[in-house]
Structures are given as C-alpha cells and as structure tokens.
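J.: A single structure is presented below for examination.
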Amino acid sequence: MNLQDLRYLVALAEHRHFGRAAEACNVSQPTLSSQIRKLEDDLGVTLLERTNKRVDLTPVGSQILIHAKGALAEAGQMEAVARAARDPLVGPLKLGVIPTLAPYLMPMILKPLRQSYPGLAIELWEDQTRALIEGLRNHRLDAALLATAADSPEITEIALFEEPLLAALPLDHRLAGAKTVSEEALAGELLVLADGHCLSNQALAACGAKGGPARTALQNSMQAATLETLVNLVGAGYGATLIPALAADSLGHRDIALRRLAGQSSRTIRLASRPGYPRPQALRALEKVIRAEVGAALRRRVS
C-alpha cells in the first residue's frame, strides 16, 4: 500500500467510474484498476462494488476512504512544511475566492503579485462561501477570500478591507438623479443573487429586511447566479440592486446609474486560512498586495 494507491481510491470515490478516475489521475484505466485490486489484496477486504455503469464503495470502503483522505492530507502537509523550509514564497498557493469578488479583485492583484513575488503561483478556485470553507477544512485550499465570517474554530481569519456597497438603478429610476440613495428606499424593488451568495443576504440586511433575509415575490421570481446577470436585469428596468464597489468599473458601463448609499453599507473582505498553515509568509505577501491595490482603487472611486 502506498500514497498513490490511496489517491486512486479517492479519485474513484469522487468520480464513481474507472475511466473518469483514471483520466483525473493521468494514468491508464488498467493501471488504476490493477492498483485498486492490489490495495484490496493488501488490506484483505473488498473496497468497491463494481457494475458495468457505476462504481460504489462498500461499507468498509467508505470507512477506509476517510482514513485515506486523512493520510493524503497529512502527506501534503509534510510536503508543504518541507517547501516552506526551503522558501515559503516559492510554490503554489491554492486560493479560494467568492464569485462576487474574484472577477474584480483578481485582475487587480495578479500582476503585482507576480512582480513582487515571482515564485508564488496562485491556483484559483472560485466558489461560494460554504464550499470554500469546506475546501479549507479538507486541505484542498490553503486560503480563501470571504465576505462573511467563517465562524469555525478550525479556521483563522483577518479583515483585509471594507468594501462599500453601491446602489445600481435603471437610468430612468426615480432616484437616479440623487447624489446618494437611502437603502430602505430600495427595499420593495431590490433584486438579489440566488441563494448561497453571501452578497444577497448582505443586500437584504442593508435594505432593512426584518427578521432575517426573507425574500419578496420579486426576488423569488428573479434568480440570478452572477452579478452581471443581476445588473442586466436592473438595466432592463426590473428593479434595483446593490453591487460591491470593486465591481463598479466593470459593471458601471451597463445601462444603469450607480449611486452611493446614504447609510454607507459595506461588506468586510476577510482572508481565511488554517491556523497551522506552514507558509504564513505567503499569506502575508498576499495580504500586503491586496491591501495596497484595493486601497488605491477605493481611493480613486471616492475621489
């Protein structure tokens, strides 16, 4: 039994198909199949239930999978500790970013990061908050940029910056000519992202949702998965919404009016990681670049 055999087992558990698992592991299907057979022989148990169409884990296979994932995570930690001892600013940094931040922040920081830390390779994973937190817990991610608190003892986080929210209105909206817009004035026509996006809860709370982020009939009938779609709906006159300030340059050219909020609603962007991550210097490098680039960008918007 070796680590590679365990990787094959984890791949099979994920894909439930020998061909797809072999492709994910960059080996031939016969190689993967024979190594799984060897692992079963070594352990003296049957790990898989095989059919022509699907592969399922046996009950003991499911138990062993838990330990296999743990062993691979520990092995990855050993490799990371060794890399960090050589040079913590060299090598991959697996970074998760929420979808309402990634398209606007990453183009801003990737080039400065490469210029200042050429050995640091960002591996980007864009997903919703819950998936990113799970990625941190199971070591698929080294760090994540979130807009809500992780609320988990397994994760440590630092606040990087406050990102103002802006009102996005149709050009012929009754408030489009105002210098600032009251959040509460938008409550009855507010469009928000689909469930799972933290920005939707933040927008609902900012505009005075009572008793939590309850949705109106309008919000339930418009289930946008991206800010771009949401802003297009606003431009077409279906309602108003709130967008984060870093998205303004990208989205502001649509048929919308962007206005500051009278209540100065904002969201806190946090850098989350595991307390024992062995390359804290890499996280501090990322933090330094983000603070510098975002600070300059937000100052330009205010001025």
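As shown in the structure tokens, the chain order sets the letters A, B, ...; within each chain, residues go from 1, and ligands are also counted from 1 in the order they appear.
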Would you pick out the contacts of Lys69 in chain A at 10 Å or less, using only C-alpha atoms, so that residues sharing its chain but fewer than 3 positions from it are not included, and give the list as a PyMOL selection string?

T.: chain A and resi 6-7+9-10+64-66+72-75+138-139

J.: Just the strand (DSSP E or B) stuff from range 23-135 of chain A, please, per backbone DSSP, written as a count of residues only.

T.: 20

J.: Output as CSV one row per residue of range 38-157 of chain A within 12 Å of range 183-195 of chain A: the closest atom pair and its distance in Å to one decimal place, counting only C-alpha atoms, sorted by chain and residue number ascending.

T.:
```
residue,atom,partner,partner_atom,distance
A:Pro99,CA,A:Leu193,CA,10.9
A:Thr100,CA,A:Leu193,CA,9.8
A:Gln128,CA,A:Asp195,CA,10.1
A:Thr129,CA,A:Asp195,CA,11.4
A:Arg130,CA,A:Asp195,CA,11.7
```

J.: Name the residues in contact with His173 in chain A at a cut-off of 12 Å, using only C-alpha atoms, excluding same-chain residues fewer than 4 positions from it; report them as a PDB file with N, CA and C atoms, in the first residue's frame.

T.:
```pdb
ATOM      1  N   ALA A 167     -25.611  51.509  -4.859  1.00  0.00           N
ATOM      2  CA  ALA A 167     -26.924  51.263  -5.451  1.00  0.00           C
ATOM      3  C   ALA A 167     -26.787  51.268  -6.966  1.00  0.00           C
ATOM      4  N   ALA A 168     -27.346  50.236  -7.605  1.00  0.00           N
ATOM      5  CA  ALA A 168     -27.409  50.161  -9.061  1.00  0.00           C
ATOM      6  C   ALA A 168     -28.868  50.324  -9.467  1.00  0.00           C
ATOM      7  N   LEU A 169     -29.153  51.371 -10.266  1.00  0.00           N
ATOM      8  CA  LEU A 169     -30.526  51.730 -10.594  1.00  0.00           C
ATOM      9  C   LEU A 169     -30.703  51.810 -12.108  1.00  0.00           C
ATOM     10  N   GLY A 177     -31.270  60.517 -10.220  1.00  0.00           N
ATOM     11  CA  GLY A 177     -30.668  61.841 -10.185  1.00  0.00           C
ATOM     12  C   GLY A 177     -30.155  62.256  -8.825  1.00  0.00           C
ATOM     13  N   ALA A 178     -30.380  61.436  -7.816  1.00  0.00           N
ATOM     14  CA  ALA A 178     -29.942  61.784  -6.457  1.00  0.00           C
ATOM     15  C   ALA A 178     -28.448  61.543  -6.292  1.00  0.00           C
ATOM     16  N   VAL A 181     -28.472  57.487  -2.161  1.00  0.00           N
ATOM     17  CA  VAL A 181     -29.749  56.780  -2.115  1.00  0.00           C
ATOM     18  C   VAL A 181     -29.870  56.080  -0.770  1.00  0.00           C
ATOM     19  N   ALA A 185     -35.089  52.832   0.902  1.00  0.00           N
ATOM     20  CA  ALA A 185     -35.928  53.235  -0.223  1.00  0.00           C
ATOM     21  C   ALA A 185     -35.957  52.185  -1.328  1.00  0.00           C
ATOM     22  N   LEU A 186     -35.004  51.254  -1.311  1.00  0.00           N
ATOM     23  CA  LEU A 186     -34.909  50.236  -2.355  1.00  0.00           C
ATOM     24  C   LEU A 186     -35.517  48.902  -1.939  1.00  0.00           C
ATOM     25  N   GLU A 189     -38.079  46.977  -4.163  1.00  0.00           N
ATOM     26  CA  GLU A 189     -37.738  46.666  -5.556  1.00  0.00           C
ATOM     27  C   GLU A 189     -36.331  46.053  -5.672  1.00  0.00           C
ATOM     28  N   VAL A 234     -31.373  44.908 -13.899  1.00  0.00           N
ATOM     29  CA  VAL A 234     -31.579  46.285 -13.457  1.00  0.00           C
ATOM     30  C   VAL A 234     -31.627  47.217 -14.662  1.00  0.00           C
ATOM     31  N   GLY A 235     -30.686  47.048 -15.588  1.00  0.00           N
ATOM     32  CA  GLY A 235     -30.651  47.893 -16.771  1.00  0.00           C
ATOM     33  C   GLY A 235     -31.911  47.789 -17.601  1.00  0.00           C
ATOM     34  N   ALA A 236     -32.545  46.618 -17.571  1.00  0.00           N
ATOM     35  CA  ALA A 236     -33.782  46.407 -18.315  1.00  0.00           C
ATOM     36  C   ALA A 236     -35.009  46.917 -17.569  1.00  0.00           C
ATOM     37  N   GLY A 237     -34.804  47.441 -16.348  1.00  0.00           N
ATOM     38  CA  GLY A 237     -35.902  48.056 -15.628  1.00  0.00           C
ATOM     39  C   GLY A 237     -36.668  47.147 -14.699  1.00  0.00           C
ATOM     40  N   TYR A 238     -36.100  45.984 -14.341  1.00  0.00           N
ATOM     41  CA  TYR A 238     -36.830  45.045 -13.494  1.00  0.00           C
ATOM     42  C   TYR A 238     -36.733  45.370 -12.007  1.00  0.00           C
ATOM     43  N   GLY A 239     -35.840  46.250 -11.619  1.00  0.00           N
ATOM     44  CA  GLY A 239     -35.678  46.564 -10.210  1.00  0.00           C
ATOM     45  C   GLY A 239     -34.353  47.252  -9.983  1.00  0.00           C
ATOM     46  N   ALA A 240     -33.928  47.291  -8.720  1.00  0.00           N
ATOM     47  CA  ALA A 240     -32.647  47.875  -8.330  1.00  0.00           C
ATOM     48  C   ALA A 240     -31.859  46.824  -7.573  1.00  0.00           C
ATOM     49  N   ASP A 255     -26.413  49.848 -18.776  1.00  0.00           N
ATOM     50  CA  ASP A 255     -27.460  50.875 -18.743  1.00  0.00           C
ATOM     51  C   ASP A 255     -27.995  51.043 -17.328  1.00  0.00           C
ATOM     52  N   ILE A 256     -27.123  51.486 -16.433  1.00  0.00           N
ATOM     53  CA  ILE A 256     -27.507  51.667 -15.039  1.00  0.00           C
ATOM     54  C   ILE A 256     -26.890  52.946 -14.505  1.00  0.00           C
ATOM     55  N   ALA A 257     -27.433  53.423 -13.403  1.00  0.00           N
ATOM     56  CA  ALA A 257     -26.849  54.532 -12.657  1.00  0.00           C
ATOM     57  C   ALA A 257     -26.341  53.991 -11.329  1.00  0.00           C
ATOM     58  N   LEU A 258     -25.098  54.311 -10.999  1.00  0.00           N
ATOM     59  CA  LEU A 258     -24.517  53.894  -9.727  1.00  0.00           C
ATOM     60  C   LEU A 258     -24.516  55.072  -8.761  1.00  0.00           C
ATOM     61  N   ARG A 259     -25.027  54.840  -7.554  1.00  0.00           N
ATOM     62  CA  ARG A 259     -25.099  55.902  -6.561  1.00  0.00           C
ATOM     63  C   ARG A 259     -24.603  55.387  -5.215  1.00  0.00           C
TER      64      ARG A 259
END
```

J.: Tell me which of A:Ala80, A:Ile269, A:Arg279, A:Gly19 sits closest to Ile158 in chain A, counting only C-alpha atoms.

T.: A:Ile269
